[in-house]
file target09.cif (mmCIF, C-alpha atoms)
data_structure
loop_
_atom_site.group_PDB
_atom_site.id
_atom_site.type_symbol
_atom_site.label_atom_id
_atom_site.label_comp_id
_atom_site.auth_asym_id
_atom_site.auth_seq_id
_atom_site.Cartn_x
_atom_site.Cartn_y
_atom_site.Cartn_z
ATOM 1 C CA MET A 1 -19.277 80.808 67.410
ATOM 2 C CA LYS A 2 -21.271 77.570 67.411
ATOM 3 C CA LYS A 3 -22.517 78.306 63.886
ATOM 4 C CA SER A 4 -18.967 78.966 62.669
ATOM 5 C CA PHE A 5 -17.723 75.662 64.086
ATOM 6 C CA SER A 6 -20.618 73.820 62.538
ATOM 7 C CA LYS A 7 -19.927 75.318 59.104
ATOM 8 C CA TRP A 8 -16.230 74.459 59.192
ATOM 9 C CA GLY A 9 -17.003 71.013 60.571
ATOM 10 C CA VAL A 10 -19.299 70.261 57.658
ATOM 11 C CA LEU A 11 -16.672 71.446 55.177
ATOM 12 C CA PHE A 12 -14.007 69.321 56.871
ATOM 13 C CA TRP A 13 -16.074 66.163 56.784
ATOM 14 C CA ALA A 14 -17.202 66.794 53.200
ATOM 15 C CA THR A 15 -13.575 67.182 52.119
ATOM 16 C CA LEU A 16 -12.541 64.075 54.043
ATOM 17 C CA MET A 17 -15.302 61.955 52.546
ATOM 18 C CA LEU A 18 -14.509 63.225 49.049
ATOM 19 C CA GLY A 19 -10.903 62.197 49.538
ATOM 20 C CA LEU A 20 -11.898 58.771 50.787
ATOM 21 C CA SER A 21 -14.287 58.325 47.884
ATOM 22 C CA SER A 22 -11.567 59.253 45.381
ATOM 23 C CA SER A 23 -9.128 56.774 46.922
ATOM 24 C CA VAL A 24 -11.714 53.987 46.898
ATOM 25 C CA TYR A 25 -12.514 54.411 43.198
ATOM 26 C CA ALA A 26 -9.022 55.363 41.967
ATOM 27 C CA GLN A 27 -7.651 53.024 39.300
ATOM 28 C CA ALA A 28 -4.146 51.622 39.645
ATOM 29 C CA THR A 29 -1.721 51.046 36.783
ATOM 30 C CA ARG A 30 -0.839 47.614 38.216
ATOM 31 C CA THR A 31 -3.306 45.339 39.979
ATOM 32 C CA TRP A 32 -3.196 41.792 41.319
ATOM 33 C CA VAL A 33 -5.417 38.704 41.461
ATOM 34 C CA SER A 34 -5.037 35.715 43.766
ATOM 35 C CA GLY A 35 -6.706 32.359 44.209
ATOM 36 C CA VAL A 36 -7.578 33.474 47.742
ATOM 37 C CA GLY A 37 -8.393 37.094 46.838
ATOM 38 C CA ASP A 38 -11.694 38.963 47.011
ATOM 39 C CA ASP A 39 -13.190 41.277 44.394
ATOM 40 C CA VAL A 40 -14.199 43.785 47.091
ATOM 41 C CA ASN A 41 -10.476 44.425 47.634
ATOM 42 C CA PRO A 42 -8.581 47.245 45.868
ATOM 43 C CA CYS A 43 -6.602 44.605 43.896
ATOM 44 C CA SER A 44 -3.300 45.715 45.403
ATOM 45 C CA ARG A 45 -0.483 43.251 46.039
ATOM 46 C CA THR A 46 -1.428 43.013 49.706
ATOM 47 C CA ALA A 47 -5.192 42.958 49.059
ATOM 48 C CA PRO A 48 -5.663 41.215 45.688
ATOM 49 C CA CYS A 49 -8.881 40.573 43.817
ATOM 50 C CA LYS A 50 -10.293 37.145 43.028
ATOM 51 C CA THR A 51 -11.075 37.449 39.300
ATOM 52 C CA PHE A 52 -9.880 39.235 36.181
ATOM 53 C CA ALA A 53 -13.378 40.718 35.824
ATOM 54 C CA GLY A 54 -13.133 42.142 39.325
ATOM 55 C CA ALA A 55 -9.675 43.573 38.729
ATOM 56 C CA ILE A 56 -10.243 45.167 35.344
ATOM 57 C CA SER A 57 -12.555 47.901 36.647
ATOM 58 C CA LYS A 58 -9.841 48.872 39.158
ATOM 59 C CA THR A 59 -7.048 48.921 36.582
ATOM 60 C CA ALA A 60 -6.280 52.066 34.617
ATOM 61 C CA ALA A 61 -6.241 52.017 30.827
ATOM 62 C CA GLY A 62 -2.806 50.898 29.686
ATOM 63 C CA GLY A 63 -2.215 49.142 33.014
ATOM 64 C CA GLU A 64 -1.506 45.522 33.881
ATOM 65 C CA ILE A 65 -3.257 42.794 35.866
ATOM 66 C CA ASN A 66 -0.847 40.244 37.369
ATOM 67 C CA ALA A 67 -1.440 36.831 38.920
ATOM 68 C CA LEU A 68 -0.005 36.727 42.423
ATOM 69 C CA ASP A 69 -0.319 32.927 42.696
ATOM 70 C CA ASP A 70 -2.008 29.956 41.040
ATOM 71 C CA GLY A 71 -5.761 30.144 40.608
ATOM 72 C CA GLY A 72 -8.788 30.181 38.364
ATOM 73 C CA PHE A 73 -9.568 33.803 37.586
ATOM 74 C CA GLY A 74 -12.569 33.543 35.275
ATOM 75 C CA GLY A 75 -13.505 35.097 31.969
ATOM 76 C CA VAL A 76 -13.472 38.803 31.239
ATOM 77 C CA THR A 77 -14.608 41.374 28.678
ATOM 78 C CA ILE A 78 -11.912 43.924 27.805
ATOM 79 C CA THR A 79 -12.911 47.408 26.627
ATOM 80 C CA LYS A 80 -9.615 49.307 26.992
ATOM 81 C CA SER A 81 -5.861 48.940 26.559
ATOM 82 C CA ILE A 82 -4.611 46.452 29.132
ATOM 83 C CA THR A 83 -2.182 43.595 29.780
ATOM 84 C CA ILE A 84 -3.273 40.466 31.639
ATOM 85 C CA ASN A 85 -0.148 38.629 32.756
ATOM 86 C CA GLY A 86 -0.247 35.218 34.379
ATOM 87 C CA LYS A 87 3.330 34.153 33.648
ATOM 88 C CA GLY A 88 4.975 32.123 36.388
ATOM 89 C CA HIS A 89 1.643 30.831 37.699
ATOM 90 C CA ILE A 90 -1.306 28.721 36.619
ATOM 91 C CA ALA A 91 -3.571 31.592 35.617
ATOM 92 C CA GLY A 92 -6.700 29.733 34.626
ATOM 93 C CA ILE A 93 -9.735 30.860 32.675
ATOM 94 C CA LEU A 94 -12.333 28.086 32.803
ATOM 95 C CA THR A 95 -15.403 28.776 30.685
ATOM 96 C CA ALA A 96 -18.536 26.652 30.944
ATOM 97 C CA GLY A 97 -21.757 26.876 28.952
ATOM 98 C CA SER A 98 -22.922 26.880 25.384
ATOM 99 C CA GLY A 99 -21.814 29.979 23.519
ATOM 100 C CA VAL A 100 -19.784 31.368 26.433
ATOM 101 C CA ASN A 101 -16.382 32.956 25.693
ATOM 102 C CA GLY A 102 -13.229 33.132 27.766
ATOM 103 C CA VAL A 103 -11.885 36.606 26.903
ATOM 104 C CA VAL A 104 -13.850 39.019 24.729
ATOM 105 C CA ILE A 105 -11.923 42.009 23.375
ATOM 106 C CA ASN A 106 -14.186 44.877 22.369
ATOM 107 C CA ALA A 107 -11.977 47.910 22.810
ATOM 108 C CA ALA A 108 -11.406 51.174 20.941
ATOM 109 C CA PRO A 109 -9.663 51.240 17.532
ATOM 110 C CA THR A 110 -6.611 52.751 19.249
ATOM 111 C CA ASP A 111 -6.318 50.206 22.088
ATOM 112 C CA VAL A 112 -3.670 47.520 22.613
ATOM 113 C CA VAL A 113 -4.472 44.304 24.501
ATOM 114 C CA VAL A 114 -1.893 41.735 25.633
ATOM 115 C CA LEU A 115 -2.841 38.314 27.048
ATOM 116 C CA ARG A 116 0.199 36.487 28.451
ATOM 117 C CA GLY A 117 0.718 33.244 30.322
ATOM 118 C CA LEU A 118 -2.919 32.128 30.547
ATOM 119 C CA THR A 119 -4.513 28.668 30.640
ATOM 120 C CA PHE A 120 -7.879 28.525 28.842
ATOM 121 C CA THR A 121 -10.177 25.557 29.484
ATOM 122 C CA GLY A 122 -13.600 25.364 27.872
ATOM 123 C CA VAL A 123 -16.337 22.896 28.799
ATOM 124 C CA SER A 124 -20.006 22.274 27.984
ATOM 125 C CA GLY A 125 -20.002 23.931 24.567
ATOM 126 C CA ALA A 126 -17.810 26.970 25.313
ATOM 127 C CA ALA A 127 -17.464 29.200 22.243
ATOM 128 C CA SER A 128 -14.126 31.043 21.888
ATOM 129 C CA ALA A 129 -11.144 31.145 24.214
ATOM 130 C CA VAL A 130 -10.263 34.575 22.780
ATOM 131 C CA ARG A 131 -12.822 36.527 20.739
ATOM 132 C CA TYR A 132 -11.364 39.652 19.126
ATOM 133 C CA LEU A 133 -14.143 42.069 18.160
ATOM 134 C CA ALA A 134 -12.329 45.426 18.194
ATOM 135 C CA ALA A 135 -8.930 46.868 19.101
ATOM 136 C CA ARG A 136 -5.898 48.182 17.252
ATOM 137 C CA TYR A 137 -3.522 45.410 18.274
ATOM 138 C CA VAL A 138 -3.972 42.129 20.169
ATOM 139 C CA VAL A 139 -1.213 39.825 21.430
ATOM 140 C CA VAL A 140 -1.823 36.297 22.740
ATOM 141 C CA GLU A 141 1.375 34.634 23.943
ATOM 142 C CA ASP A 142 2.791 31.888 26.167
ATOM 143 C CA SER A 143 -0.639 30.325 26.719
ATOM 144 C CA THR A 144 -2.547 27.042 26.362
ATOM 145 C CA ILE A 145 -6.060 26.564 24.963
ATOM 146 C CA GLU A 146 -8.294 23.501 24.983
ATOM 147 C CA GLY A 147 -11.977 22.665 24.903
ATOM 148 C CA TYR A 148 -13.350 25.548 22.813
ATOM 149 C CA ALA A 149 -15.111 25.418 19.456
ATOM 150 C CA TYR A 150 -12.878 28.363 18.474
ATOM 151 C CA GLY A 151 -9.439 28.765 19.994
ATOM 152 C CA ILE A 152 -8.641 32.286 18.804
ATOM 153 C CA ASN A 153 -11.332 34.017 16.772
ATOM 154 C CA MET A 154 -10.902 37.376 15.015
ATOM 155 C CA ALA A 155 -14.326 38.638 13.970
ATOM 156 C CA VAL A 156 -14.925 39.647 10.362
ATOM 157 C CA SER A 157 -15.988 43.091 11.611
ATOM 158 C CA VAL A 158 -12.544 43.976 13.052
ATOM 159 C CA VAL A 159 -11.307 47.146 11.330
ATOM 160 C CA ASN A 160 -7.625 47.177 10.284
ATOM 161 C CA GLY A 161 -6.833 44.646 13.009
ATOM 162 C CA ARG A 162 -3.325 43.645 14.028
ATOM 163 C CA MET A 163 -2.743 40.365 15.846
ATOM 164 C CA ASP A 164 0.297 38.488 17.103
ATOM 165 C CA ILE A 165 -0.106 34.875 18.296
ATOM 166 C CA ARG A 166 3.072 33.284 19.642
ATOM 167 C CA ASN A 167 4.048 30.341 21.827
ATOM 168 C CA VAL A 168 0.475 29.077 22.141
ATOM 169 C CA GLN A 169 -0.448 25.384 22.453
ATOM 170 C CA MET A 170 -3.964 24.595 21.213
ATOM 171 C CA THR A 171 -5.829 21.277 21.476
ATOM 172 C CA ASN A 172 -9.438 20.566 20.610
ATOM 173 C CA ALA A 173 -11.154 18.741 23.465
ATOM 174 C CA THR A 174 -14.784 19.154 22.397
ATOM 175 C CA THR A 175 -17.420 17.031 20.720
ATOM 176 C CA ALA A 176 -18.474 19.901 18.429
ATOM 177 C CA THR A 177 -18.744 19.008 14.748
ATOM 178 C CA SER A 178 -17.069 22.172 13.406
ATOM 179 C CA THR A 179 -14.114 23.507 15.371
ATOM 180 C CA TYR A 180 -11.478 26.091 14.532
ATOM 181 C CA GLY A 181 -8.049 26.428 16.086
ATOM 182 C CA ILE A 182 -7.225 29.875 14.740
ATOM 183 C CA HIS A 183 -9.940 31.737 12.817
ATOM 184 C CA ILE A 184 -8.401 34.948 11.593
ATOM 185 C CA GLY A 185 -8.113 37.464 8.795
ATOM 186 C CA ALA A 186 -10.577 40.327 8.748
ATOM 187 C CA ALA A 187 -10.274 42.711 5.789
ATOM 188 C CA ASN A 188 -7.036 44.758 5.840
ATOM 189 C CA SER A 189 -5.780 42.872 8.909
ATOM 190 C CA ILE A 190 -2.161 41.832 9.444
ATOM 191 C CA SER A 191 -1.485 38.828 11.663
ATOM 192 C CA THR A 192 1.576 36.823 12.671
ATOM 193 C CA ILE A 193 1.477 33.282 14.039
ATOM 194 C CA SER A 194 4.724 31.865 15.423
ATOM 195 C CA ASN A 195 5.747 28.846 17.509
ATOM 196 C CA VAL A 196 2.154 27.665 17.751
ATOM 197 C CA SER A 197 0.831 24.096 17.988
ATOM 198 C CA VAL A 198 -2.688 23.411 16.662
ATOM 199 C CA ARG A 199 -4.055 19.873 17.041
ATOM 200 C CA GLY A 200 -7.338 18.040 16.658
ATOM 201 C CA TYR A 201 -9.611 20.674 15.113
ATOM 202 C CA THR A 202 -11.870 20.500 12.085
ATOM 203 C CA TYR A 203 -9.830 23.411 10.716
ATOM 204 C CA GLY A 204 -6.381 24.153 12.107
ATOM 205 C CA ILE A 205 -5.841 27.652 10.701
ATOM 206 C CA THR A 206 -8.536 29.484 8.732
ATOM 207 C CA THR A 207 -7.837 32.805 7.012
ATOM 208 C CA ARG A 208 -10.527 34.957 5.386
ATOM 209 C CA GLY A 209 -8.806 38.199 4.421
ATOM 210 C CA GLY A 210 -5.857 40.466 5.074
ATOM 211 C CA MET A 211 -2.325 39.113 5.432
ATOM 212 C CA THR A 212 -1.247 36.290 7.741
ATOM 213 C CA TYR A 213 2.348 35.149 8.294
ATOM 214 C CA LEU A 214 3.130 31.708 9.748
ATOM 215 C CA ARG A 215 6.460 30.458 11.039
ATOM 216 C CA GLY A 216 7.920 27.797 13.335
ATOM 217 C CA SER A 217 4.547 26.151 13.982
ATOM 218 C CA THR A 218 3.086 22.632 14.125
ATOM 219 C CA ILE A 219 -0.300 22.007 12.505
ATOM 220 C CA VAL A 220 -1.065 18.280 12.865
ATOM 221 C CA ALA A 221 -3.945 15.824 13.389
ATOM 222 C CA ASN A 222 -6.647 18.223 12.173
ATOM 223 C CA ASP A 223 -9.223 17.453 9.505
ATOM 224 C CA THR A 224 -7.833 20.380 7.490
ATOM 225 C CA GLY A 225 -4.494 21.981 8.296
ATOM 226 C CA TYR A 226 -4.567 25.194 6.237
ATOM 227 C CA ASN A 227 -8.019 26.504 5.337
ATOM 228 C CA ASN A 228 -7.431 29.574 3.203
ATOM 229 C CA LEU A 229 -10.771 31.239 2.377
ATOM 230 C CA GLY A 230 -9.348 34.631 1.420
ATOM 231 C CA GLY A 231 -6.463 37.001 1.851
ATOM 232 C CA SER A 232 -2.925 35.651 1.947
ATOM 233 C CA LEU A 233 -1.388 32.996 4.166
ATOM 234 C CA SER A 234 2.383 33.166 3.787
ATOM 235 C CA SER A 235 4.646 30.492 5.274
ATOM 236 C CA PHE A 236 8.303 30.969 6.143
ATOM 237 C CA GLY A 237 8.820 27.318 5.189
ATOM 238 C CA ASP A 238 9.802 26.152 8.670
ATOM 239 C CA ASN A 239 6.368 24.873 9.732
ATOM 240 C CA MET A 240 5.319 21.239 10.149
ATOM 241 C CA VAL A 241 1.952 20.738 8.505
ATOM 242 C CA ASN A 242 1.440 17.011 8.396
ATOM 243 C CA GLY A 243 -0.835 14.198 9.543
ATOM 244 C CA ASN A 244 -4.003 16.150 8.793
ATOM 245 C CA VAL A 245 -6.720 14.527 6.713
ATOM 246 C CA PHE A 246 -6.109 17.376 4.257
ATOM 247 C CA ASP A 247 -2.992 19.433 4.884
ATOM 248 C CA GLY A 248 -3.852 22.313 2.586
ATOM 249 C CA ALA A 249 -1.267 24.763 1.341
ATOM 250 C CA PRO A 250 -0.267 28.363 2.042
ATOM 251 C CA SER A 251 -0.971 30.934 -0.626
ATOM 252 C CA GLY A 252 2.696 31.892 -0.705
ATOM 253 C CA THR A 253 6.092 31.278 0.862
ATOM 254 C CA ILE A 254 8.775 33.567 2.207
ATOM 255 C CA PRO A 255 12.422 32.401 2.323
ATOM 256 C CA HIS A 256 13.464 31.388 5.839
ATOM 257 C CA PHE A 257 16.778 32.841 7.026
#

call {"tool": "encode", "arguments": {"input": "target09.cif", "output": "structure tokens"}}
result
Amino acid sequence: MKKSFSKWGVLFWATLMLGLSSSVYAQATRTWVSGVGDDVNPCSRTAPCKTFAGAISKTAAGGEINALDDGGFGGVTITKSITINGKGHIAGILTAGSGVNGVVINAAPTDVVVLRGLTFTGVSGAASAVRYLAARYVVVEDSTIEGYAYGINMAVSVVNGRMDIRNVQMTNATTATSTYGIHIGAANSISTISNVSVRGYTYGITTRGGMTYLRGSTIVANDTGYNNLGGSLSSFGDNMVNGNVFDGAPSGTIPHF
């Protein structure tokens, strides 16, 4: 009888511990970060994490990380479909150090990444606020960027990339000699830039390939406004490109209606 109890007791505790282990490591479709959170937490609304990097491992692919309150949530590398949403709060990403990036996107060719409502601040030689290495589709919207050598940087190696940049305010606040607001246009890529302000860079918008569409944007006080090195840069004709040392010109225009 004692042996029987012992056997069933072991099975019970093994099952219980397995269940606890599964719950600890389960990924949620929606997670939360807070300025007073802790990355040992499960990133739930009542027990939020401290950083985006801490929350991403606890967020399921296709899920969303939300800011619960104002805070600085640090940089992060993204390797899966995900939305990071800071709207309604100061969701800061402060990056310090030469060559250090804010958000690096290196996901699968089928993945979609959305960055919304974020405040990027780079200091001490920070590289890119957003560095897009791989993903099917990337959205950066309702955000501010300052202090990076590259604001938004799509790598040449991106395969058939799709990017949408909208409602983003970008200001160069570095002492670097060559800075790029938006550096975009891998081969066969399609990108849209709308309601964006790019100020104070060596090159406001640089395209290198693919197709880029620009509308409703302000490109001022840069050394070069448009820097078209390849592909097409089509303007809807409702942009203000002025006050640059060299304004440059789009490769084509599309009637605005």

call {"tool": "residues_around", "arguments": {"input": "target09.cif", "residues": "Ala60 (chain A)", "least_positions_apart": "5", "cutoff": "10 Å", "atoms": "all atoms listed in the file", "output": "ChimeraX atom specification"}}
result
/A:26-31,65,80-82

call {"tool": "residues_around", "arguments": {"input": "target09.cif", "residues": "Ser197 (chain A)", "least_positions_apart": "2", "cutoff": "9 Å", "atoms": "only C-alpha atoms", "output": "number ranges by chain"}}
result
A: 167-171, 195, 199, 217-220

call {"tool": "closest_atom_pairs", "arguments": {"input": "target09.cif", "of": "region 88-162 of chain A", "to": "region 177-191 of chain A", "cutoff": "8 Å", "atoms": "all atoms listed in the file", "output": "CSV"}}
result
residue,atom,partner,partner_atom,distance
A:Tyr148,CA,A:Thr179,CA,7.8
A:Ala149,CA,A:Thr179,CA,4.6
A:Tyr150,CA,A:Tyr180,CA,4.8
A:Gly151,CA,A:Gly181,CA,4.8
A:Ile152,CA,A:Ile182,CA,4.9
A:Asn153,CA,A:His183,CA,4.8
A:Met154,CA,A:Ile184,CA,4.9
A:Ala155,CA,A:Ala186,CA,6.6
A:Val156,CA,A:Ala186,CA,4.7
A:Ser157,CA,A:Ala186,CA,6.7
A:Val158,CA,A:Ala186,CA,6.0
A:Val159,CA,A:Ala187,CA,7.2
A:Asn160,CA,A:Ser189,CA,4.9
A:Gly161,CA,A:Ser189,CA,4.6
A:Arg162,CA,A:Ile190,CA,5.1

call {"tool": "closest_residue", "arguments": {"input": "target09.cif", "among": "A:Asn239, A:Thr79, A:Ser124, A:Thr46", "to": "Val112 (chain A)", "atoms": "only C-alpha atoms"}}
result
A:Thr79

call {"tool": "atom_distance", "arguments": {"input": "target09.cif", "atom1": "CA of Asn242 (chain A)", "atom2": "CA of Gly216 (chain A)"}}
result
13.5 Å

call {"tool": "resolve_selection", "arguments": {"input": "target09.cif", "expression": "the PyMOL selection byres ((chain A and resi 49) around 9)", "output": "PyMOL selection string"}}
result
chain A and resi 31-44+47-48+50-52+54-55

call {"tool": "resolve_selection", "arguments": {"input": "target09.cif", "expression": "the PyMOL selection byres ((chain A and resi 86) around 7)", "output": "PyMOL selection string"}}
result
chain A and resi 66-67+84-85+87-91+116-118

call {"tool": "residues_around", "arguments": {"input": "target09.cif", "residues": "Asn101 (chain A)", "least_positions_apart": "2", "cutoff": "7 Å", "atoms": "all atoms listed in the file", "output": "PyMOL selection string"}}
result
chain A and resi 95+99+103-104+126-130

call {"tool": "atom_distance", "arguments": {"input": "target09.cif", "atom1": "CA of Thr144 (chain A)", "atom2": "CA of Ile205 (chain A)"}}
result
16.0 Å

call {"tool": "atom_distance", "arguments": {"input": "target09.cif", "atom1": "CA of Ser232 (chain A)", "atom2": "CA of Ala108 (chain A)"}}
result
26.0 Å

call {"tool": "decode", "arguments": {"input": "target09.cif", "residues": "region 186-217 of chain A", "atoms": "N, CA and C atoms", "output": "mmCIF file, in the first residue's frame"}}
result
data_model
loop_
_atom_site.group_PDB
_atom_site.id
_atom_site.type_symbol
_atom_site.label_atom_id
_atom_site.label_comp_id
_atom_site.auth_asym_id
_atom_site.auth_seq_id
_atom_site.Cartn_x
_atom_site.Cartn_y
_atom_site.Cartn_z
ATOM 1 N N ALA A 186 15.992 48.815 -50.643
ATOM 2 C CA ALA A 186 16.664 47.596 -51.112
ATOM 3 C C ALA A 186 16.043 47.170 -52.442
ATOM 4 N N ALA A 187 16.724 46.293 -53.167
ATOM 5 C CA ALA A 187 16.215 45.832 -54.462
ATOM 6 C C ALA A 187 14.830 45.223 -54.304
ATOM 7 N N ASN A 188 13.928 45.573 -55.224
ATOM 8 C CA ASN A 188 12.552 45.044 -55.261
ATOM 9 C C ASN A 188 11.711 45.444 -54.048
ATOM 10 N N SER A 189 12.165 46.432 -53.276
ATOM 11 C CA SER A 189 11.376 46.873 -52.127
ATOM 12 C C SER A 189 10.326 47.893 -52.564
ATOM 13 N N ILE A 190 9.276 48.015 -51.757
ATOM 14 C CA ILE A 190 8.249 49.032 -51.960
ATOM 15 C C ILE A 190 8.058 49.732 -50.619
ATOM 16 N N SER A 191 8.231 51.053 -50.614
ATOM 17 C CA SER A 191 8.139 51.801 -49.366
ATOM 18 C C SER A 191 7.254 53.030 -49.544
ATOM 19 N N THR A 192 6.522 53.379 -48.487
ATOM 20 C CA THR A 192 5.743 54.609 -48.484
ATOM 21 C C THR A 192 6.176 55.452 -47.297
ATOM 22 N N ILE A 193 6.316 56.755 -47.537
ATOM 23 C CA ILE A 193 6.692 57.709 -46.506
ATOM 24 C C ILE A 193 5.633 58.809 -46.516
ATOM 25 N N SER A 194 4.927 58.990 -45.415
ATOM 26 C CA SER A 194 3.861 59.991 -45.390
ATOM 27 C C SER A 194 3.827 60.728 -44.062
ATOM 28 N N ASN A 195 3.561 62.046 -44.161
ATOM 29 C CA ASN A 195 3.459 62.908 -42.975
ATOM 30 C C ASN A 195 4.682 62.779 -42.083
ATOM 31 N N VAL A 196 5.850 62.878 -42.704
ATOM 32 C CA VAL A 196 7.116 62.733 -41.993
ATOM 33 C C VAL A 196 7.870 64.056 -42.051
ATOM 34 N N SER A 197 8.574 64.392 -40.970
ATOM 35 C CA SER A 197 9.434 65.567 -40.927
ATOM 36 C C SER A 197 10.874 65.111 -40.723
ATOM 37 N N VAL A 198 11.762 65.521 -41.635
ATOM 38 C CA VAL A 198 13.177 65.140 -41.569
ATOM 39 C C VAL A 198 14.016 66.412 -41.593
ATOM 40 N N ARG A 199 14.767 66.657 -40.503
ATOM 41 C CA ARG A 199 15.499 67.914 -40.365
ATOM 42 C C ARG A 199 16.929 67.682 -39.872
ATOM 43 N N GLY A 200 17.861 68.412 -40.481
ATOM 44 C CA GLY A 200 19.201 68.526 -39.920
ATOM 45 C C GLY A 200 20.172 67.402 -40.225
ATOM 46 N N TYR A 201 19.883 66.583 -41.214
ATOM 47 C CA TYR A 201 20.775 65.468 -41.554
ATOM 48 C C TYR A 201 21.673 65.829 -42.735
ATOM 49 N N THR A 202 22.734 65.059 -42.918
ATOM 50 C CA THR A 202 23.530 65.204 -44.130
ATOM 51 C C THR A 202 22.665 64.874 -45.339
ATOM 52 N N TYR A 203 21.906 63.783 -45.230
ATOM 53 C CA TYR A 203 20.985 63.364 -46.287
ATOM 54 C C TYR A 203 19.612 63.130 -45.663
ATOM 55 N N GLY A 204 18.618 63.857 -46.137
ATOM 56 C CA GLY A 204 17.274 63.706 -45.581
ATOM 57 C C GLY A 204 16.682 62.343 -45.901
ATOM 58 N N ILE A 205 16.469 62.094 -47.201
ATOM 59 C CA ILE A 205 15.938 60.803 -47.654
ATOM 60 C C ILE A 205 16.859 60.259 -48.741
ATOM 61 N N THR A 206 17.387 59.066 -48.517
ATOM 62 C CA THR A 206 18.243 58.396 -49.495
ATOM 63 C C THR A 206 17.558 57.132 -49.973
ATOM 64 N N THR A 207 17.419 56.983 -51.290
ATOM 65 C CA THR A 207 16.880 55.751 -51.865
ATOM 66 C C THR A 207 17.960 55.088 -52.709
ATOM 67 N N ARG A 208 17.959 53.744 -52.715
ATOM 68 C CA ARG A 208 19.009 53.007 -53.430
ATOM 69 C C ARG A 208 18.459 51.968 -54.391
ATOM 70 N N GLY A 209 17.169 51.705 -54.330
ATOM 71 C CA GLY A 209 16.572 50.701 -55.205
ATOM 72 C C GLY A 209 15.096 50.585 -54.895
ATOM 73 N N GLY A 210 14.405 49.735 -55.645
ATOM 74 C CA GLY A 210 12.986 49.537 -55.414
ATOM 75 C C GLY A 210 12.169 50.774 -55.729
ATOM 76 N N MET A 211 10.978 50.849 -55.125
ATOM 77 C CA MET A 211 10.076 51.979 -55.352
ATOM 78 C C MET A 211 9.739 52.622 -54.015
ATOM 79 N N THR A 212 9.843 53.952 -53.962
ATOM 80 C CA THR A 212 9.517 54.707 -52.762
ATOM 81 C C THR A 212 8.528 55.806 -53.129
ATOM 82 N N TYR A 213 7.475 55.947 -52.333
ATOM 83 C CA TYR A 213 6.442 56.951 -52.556
ATOM 84 C C TYR A 213 6.426 57.916 -51.379
ATOM 85 N N LEU A 214 6.449 59.230 -51.675
ATOM 86 C CA LEU A 214 6.526 60.252 -50.644
ATOM 87 C C LEU A 214 5.354 61.213 -50.768
ATOM 88 N N ARG A 215 4.684 61.462 -49.618
ATOM 89 C CA ARG A 215 3.582 62.418 -49.661
ATOM 90 C C ARG A 215 3.434 63.118 -48.312
ATOM 91 N N GLY A 216 2.973 64.378 -48.365
ATOM 92 C CA GLY A 216 2.620 65.130 -47.171
ATOM 93 C C GLY A 216 3.748 65.315 -46.187
ATOM 94 N N SER A 217 4.994 65.403 -46.654
ATOM 95 C CA SER A 217 6.140 65.415 -45.744
ATOM 96 C C SER A 217 6.954 66.707 -45.868
#
